[in-house]
>>> print(open('upload-v3.pdb').read())   # PDB, C-alpha atoms
ATOM      1  CA  MET E 172      -5.215  37.485 -24.098  1.00  0.00           C
ATOM      2  CA  GLU E 173      -3.510  34.077 -24.058  1.00  0.00           C
ATOM      3  CA  LYS E 174      -1.209  35.132 -21.224  1.00  0.00           C
ATOM      4  CA  ARG E 175      -4.135  36.419 -19.173  1.00  0.00           C
ATOM      5  CA  ILE E 176      -6.081  33.176 -19.623  1.00  0.00           C
ATOM      6  CA  ASN E 177      -3.023  31.084 -18.698  1.00  0.00           C
ATOM      7  CA  LYS E 178      -2.445  33.268 -15.607  1.00  0.00           C
ATOM      8  CA  ILE E 179      -6.023  32.708 -14.456  1.00  0.00           C
ATOM      9  CA  LEU E 180      -5.750  28.967 -15.117  1.00  0.00           C
ATOM     10  CA  ARG E 181      -2.478  28.786 -13.134  1.00  0.00           C
ATOM     11  CA  GLN E 182      -4.157  30.525 -10.209  1.00  0.00           C
ATOM     12  CA  SER E 183      -6.996  28.041 -10.472  1.00  0.00           C
ATOM     13  CA  ILE E 184      -4.470  25.188 -10.362  1.00  0.00           C
ATOM     14  CA  PHE E 185      -2.965  26.426  -7.091  1.00  0.00           C
ATOM     15  CA  VAL E 186      -6.380  26.972  -5.509  1.00  0.00           C
ATOM     16  CA  ASN E 187      -7.534  23.504  -6.591  1.00  0.00           C
ATOM     17  CA  ILE E 188      -4.402  21.861  -5.183  1.00  0.00           C
ATOM     18  CA  PHE E 189      -5.065  23.525  -1.824  1.00  0.00           C
ATOM     19  CA  LEU E 190      -8.751  22.520  -1.904  1.00  0.00           C
ATOM     20  CA  ILE E 191      -7.941  18.924  -2.830  1.00  0.00           C
ATOM     21  CA  ILE E 192      -5.540  18.509   0.074  1.00  0.00           C
ATOM     22  CA  PHE E 193      -7.786  20.300   2.553  1.00  0.00           C
ATOM     23  CA  LYS E 194     -11.056  18.586   1.628  1.00  0.00           C
ATOM     24  CA  ILE E 195      -9.668  15.068   1.403  1.00  0.00           C
ATOM     25  CA  PHE E 196      -7.772  15.536   4.688  1.00  0.00           C
ATOM     26  CA  VAL E 197     -10.853  16.878   6.500  1.00  0.00           C
ATOM     27  CA  GLY E 198     -13.125  14.303   4.875  1.00  0.00           C
ATOM     28  CA  TYR E 199     -10.843  11.451   5.899  1.00  0.00           C
ATOM     29  CA  PHE E 200     -10.494  12.524   9.526  1.00  0.00           C
ATOM     30  CA  CYS E 201     -14.166  13.506   9.888  1.00  0.00           C
ATOM     31  CA  ASN E 202     -15.275  10.317   8.125  1.00  0.00           C
ATOM     32  CA  SER E 203     -17.251  12.312   5.546  1.00  0.00           C
ATOM     33  CA  ARG E 204     -17.682  10.681   2.165  1.00  0.00           C
ATOM     34  CA  ALA E 205     -19.288  13.869   0.871  1.00  0.00           C
ATOM     35  CA  MET E 206     -16.209  15.940   1.727  1.00  0.00           C
ATOM     36  CA  ILE E 207     -13.921  13.363   0.098  1.00  0.00           C
ATOM     37  CA  ALA E 208     -16.135  13.355  -3.000  1.00  0.00           C
ATOM     38  CA  ASP E 209     -15.918  17.146  -3.079  1.00  0.00           C
ATOM     39  CA  GLY E 210     -12.127  16.877  -2.902  1.00  0.00           C
ATOM     40  CA  MET E 211     -12.233  14.471  -5.827  1.00  0.00           C
ATOM     41  CA  ASN E 212     -14.381  16.996  -7.679  1.00  0.00           C
ATOM     42  CA  ASN E 213     -11.601  19.534  -7.154  1.00  0.00           C
ATOM     43  CA  ALA E 214      -9.151  16.952  -8.506  1.00  0.00           C
ATOM     44  CA  SER E 215     -11.220  16.705 -11.662  1.00  0.00           C
ATOM     45  CA  ASP E 216     -11.209  20.512 -11.860  1.00  0.00           C
ATOM     46  CA  LEU E 217      -7.425  20.436 -11.621  1.00  0.00           C
ATOM     47  CA  ILE E 218      -7.151  17.986 -14.501  1.00  0.00           C
ATOM     48  CA  THR E 219      -9.558  20.020 -16.602  1.00  0.00           C
ATOM     49  CA  ASP E 220      -7.440  23.116 -15.904  1.00  0.00           C
ATOM     50  CA  PHE E 221      -4.438  21.350 -17.421  1.00  0.00           C
ATOM     51  CA  ILE E 222      -6.512  20.357 -20.448  1.00  0.00           C
ATOM     52  CA  ALA E 223      -7.676  23.975 -20.807  1.00  0.00           C
ATOM     53  CA  ILE E 224      -4.107  25.293 -20.652  1.00  0.00           C
ATOM     54  CA  PHE E 225      -3.079  22.780 -23.324  1.00  0.00           C
ATOM     55  CA  GLY E 226      -6.007  23.759 -25.546  1.00  0.00           C
ATOM     56  CA  ASN E 227      -5.414  27.465 -25.019  1.00  0.00           C
ATOM     57  CA  ARG E 228      -1.757  27.219 -25.993  1.00  0.00           C
ATOM     58  CA  ILE E 229      -2.471  25.251 -29.147  1.00  0.00           C
ATOM     59  CA  SER E 230      -5.452  27.376 -30.200  1.00  0.00           C
ATOM     60  CA  HIS E 231      -3.320  30.537 -30.276  1.00  0.00           C
ATOM     61  CA  ARG E 232      -0.778  29.126 -32.709  1.00  0.00           C
ATOM     62  CA  LYS E 233      -0.502  30.981 -35.980  1.00  0.00           C
ATOM     63  CA  SER E 234      -1.872  29.495 -39.171  1.00  0.00           C
ATOM     64  CA  ASN E 235       0.454  27.541 -41.441  1.00  0.00           C
ATOM     65  CA  SER E 236       0.285  25.598 -44.692  1.00  0.00           C
ATOM     66  CA  ARG E 237      -1.159  22.534 -42.961  1.00  0.00           C
ATOM     67  CA  HIS E 238      -3.787  24.547 -41.028  1.00  0.00           C
ATOM     68  CA  PRO E 239      -4.467  27.671 -43.119  1.00  0.00           C
ATOM     69  CA  PHE E 240      -7.248  28.880 -40.789  1.00  0.00           C
ATOM     70  CA  GLY E 241      -5.249  28.357 -37.599  1.00  0.00           C
ATOM     71  CA  TYR E 242      -5.740  26.092 -34.600  1.00  0.00           C
ATOM     72  CA  GLY E 243      -8.746  27.782 -32.984  1.00  0.00           C
ATOM     73  CA  GLN E 244     -10.978  24.734 -33.413  1.00  0.00           C
ATOM     74  CA  ILE E 245      -8.895  22.787 -30.876  1.00  0.00           C
ATOM     75  CA  GLU E 246     -10.892  24.550 -28.172  1.00  0.00           C
ATOM     76  CA  TYR E 247     -13.931  22.491 -29.190  1.00  0.00           C
ATOM     77  CA  LEU E 248     -11.955  19.275 -28.885  1.00  0.00           C
ATOM     78  CA  THR E 249     -10.581  20.179 -25.455  1.00  0.00           C
ATOM     79  CA  SER E 250     -14.099  21.151 -24.321  1.00  0.00           C
ATOM     80  CA  ILE E 251     -15.347  17.712 -25.362  1.00  0.00           C
ATOM     81  CA  LEU E 252     -12.453  16.072 -23.477  1.00  0.00           C
ATOM     82  CA  VAL E 253     -13.261  18.095 -20.366  1.00  0.00           C
ATOM     83  CA  GLY E 254     -16.934  17.139 -20.605  1.00  0.00           C
ATOM     84  CA  LEU E 255     -16.167  13.444 -21.029  1.00  0.00           C
ATOM     85  CA  PHE E 256     -13.732  13.508 -18.130  1.00  0.00           C
ATOM     86  CA  ILE E 257     -16.306  15.118 -15.831  1.00  0.00           C
ATOM     87  CA  LEU E 258     -18.947  12.635 -16.987  1.00  0.00           C
ATOM     88  CA  PHE E 259     -16.757   9.614 -16.229  1.00  0.00           C
ATOM     89  CA  MET E 260     -15.687  11.078 -12.890  1.00  0.00           C
ATOM     90  CA  GLY E 261     -19.350  11.528 -11.945  1.00  0.00           C
ATOM     91  CA  ILE E 262     -20.226   7.986 -12.998  1.00  0.00           C
ATOM     92  CA  GLY E 263     -17.334   6.679 -10.892  1.00  0.00           C
ATOM     93  CA  LEU E 264     -18.552   8.624  -7.844  1.00  0.00           C
ATOM     94  CA  VAL E 265     -22.096   7.307  -8.287  1.00  0.00           C
ATOM     95  CA  ILE E 266     -20.843   3.720  -8.522  1.00  0.00           C
ATOM     96  CA  ASN E 267     -18.606   4.197  -5.477  1.00  0.00           C
ATOM     97  CA  SER E 268     -21.466   5.732  -3.462  1.00  0.00           C
ATOM     98  CA  PHE E 269     -23.822   2.939  -4.449  1.00  0.00           C
ATOM     99  CA  ASN E 270     -21.303   0.265  -3.458  1.00  0.00           C
ATOM    100  CA  SER E 271     -20.609   1.935  -0.111  1.00  0.00           C
ATOM    101  CA  SER E 272     -24.335   2.257   0.598  1.00  0.00           C
ATOM    102  CA  LEU E 273     -24.665  -1.516   0.225  1.00  0.00           C
ATOM    103  CA  LYS E 274     -22.282  -1.912   3.167  1.00  0.00           C
ATOM    104  CA  THR E 275     -24.569  -0.020   5.564  1.00  0.00           C
ATOM    105  CA  TYR E 276     -25.955  -2.003   8.482  1.00  0.00           C
ATOM    106  CA  HIS E 277     -29.329  -1.562  10.158  1.00  0.00           C
ATOM    107  CA  TYR E 278     -29.382  -1.293  13.941  1.00  0.00           C
ATOM    108  CA  SER E 279     -32.110  -0.527  16.415  1.00  0.00           C
ATOM    109  CA  ILE E 280     -31.607   2.266  18.946  1.00  0.00           C
ATOM    110  CA  LYS E 281     -31.291  -0.358  21.692  1.00  0.00           C
ATOM    111  CA  GLU E 282     -28.444  -2.104  19.849  1.00  0.00           C
ATOM    112  CA  PHE E 283     -26.807   1.248  19.202  1.00  0.00           C
ATOM    113  CA  LYS E 284     -26.885   2.160  22.900  1.00  0.00           C
ATOM    114  CA  GLU E 285     -25.399  -1.216  23.843  1.00  0.00           C
ATOM    115  CA  CYS E 286     -22.632  -1.011  21.243  1.00  0.00           C
ATOM    116  CA  LYS E 287     -22.026   2.733  21.009  1.00  0.00           C
ATOM    117  CA  ASN E 288     -18.244   2.268  21.208  1.00  0.00           C
ATOM    118  CA  ASP E 289     -18.160  -0.172  18.311  1.00  0.00           C
ATOM    119  CA  GLU E 290     -16.229   1.569  15.532  1.00  0.00           C
ATOM    120  CA  GLU E 291     -17.998  -0.231  12.690  1.00  0.00           C
ATOM    121  CA  LEU E 292     -21.374   0.659  14.176  1.00  0.00           C
ATOM    122  CA  SER E 293     -20.503   4.330  14.488  1.00  0.00           C
ATOM    123  CA  LYS E 294     -19.356   4.479  10.861  1.00  0.00           C
ATOM    124  CA  ASN E 295     -22.352   2.771   9.250  1.00  0.00           C
ATOM    125  CA  TYR E 296     -25.624   3.091  11.124  1.00  0.00           C
ATOM    126  CA  ILE E 297     -29.262   3.482  10.297  1.00  0.00           C
ATOM    127  CA  PHE E 298     -31.773   3.583  13.106  1.00  0.00           C
ATOM    128  CA  THR E 299     -34.880   1.459  12.751  1.00  0.00           C
ATOM    129  CA  GLY E 300     -36.667   3.247  15.597  1.00  0.00           C
ATOM    130  CA  ASN E 301     -36.933   0.261  17.974  1.00  0.00           C
TER     131      ASN E 301
END
>>> encode(input="upload-v3.pdb", output="structure tokens")
Amino acid sequence: MEKRINKILRQSIFVNIFLIIFKIFVGYFCNSRAMIADGMNNASDLITDFIAIFGNRISHRKSNSRHPFGYGQIEYLTSILVGLFILFMGIGLVINSFNSSLKTYHYSIKEFKECKNDEELSKNYIFTGN
């Protein structure tokens, strides 16, 4: 069972590495913060996969004099670590999104038509309808 779980987790690692590279690359060149955030989500999945592999290996150790009931309870600890990591990653993304939303500029449609080649304007625009 341990080998099967580790095989699945290794496959997940390779898929997540591909998704991280692809999503961050596409998000960067398409100027999509959502795609970059999704790539960062895959990065957090990758880190949690490593934590799960670590916990799985330790939990299948045989019992000894120091741990007469075995190491199975380590799975709870690794689950808590995974949960905390995801929580802090989410808080970081919320803070980053909030800070980037403060940098948005308001332009009227007339100003947008006059300055449509302005790179800063095309990155951060909100139409006011004038």
>>> closest_residue(input="upload-v3.pdb", among="E:Ile222, E:Ser215, E:Phe269, E:Lys233", to="Tyr247 of chain E", atoms="all atoms listed in the file")
E:Ile222
>>> atom_distance(input="upload-v3.pdb", atom1="atom CA of Tyr242 of chain E", atom2="atom CA of Gly226 of chain E")
9.4 Å
>>> residues_around(input="upload-v3.pdb", residues="Phe221 of chain E", least_positions_apart="6", cutoff="12 Å", atoms="all atoms listed in the file", output="PyMOL selection string")
chain E and resi 177+179-185+187+214-215+227-228+249-250+252-253
>>> atom_distance(input="upload-v3.pdb", atom1="atom CA of Lys194 of chain E", atom2="atom CA of Phe225 of chain E")
26.5 Å
>>> atom_distance(input="upload-v3.pdb", atom1="atom CA of Glu173 of chain E", atom2="atom CA of Val186 of chain E")
20.1 Å
>>> resolve_selection(input="upload-v3.pdb", expression="the PyMOL selection byres ((chain E and resi 195-210) around 12)", output="PyMOL selection string")
chain E and resi 186-194+211-217+260-261+263-265+267-269+271-272+290-291+293-295
>>> axis_aligned_box(input="upload-v3.pdb", around="segment 176-187 of chain E", padding_each_side="5 Å", output="lines of an AutoDock Vina configuration file")
center_x = -5.0
center_y = 28.4
center_z = -12.6
size_x = 15.1
size_y = 19.8
size_z = 24.1
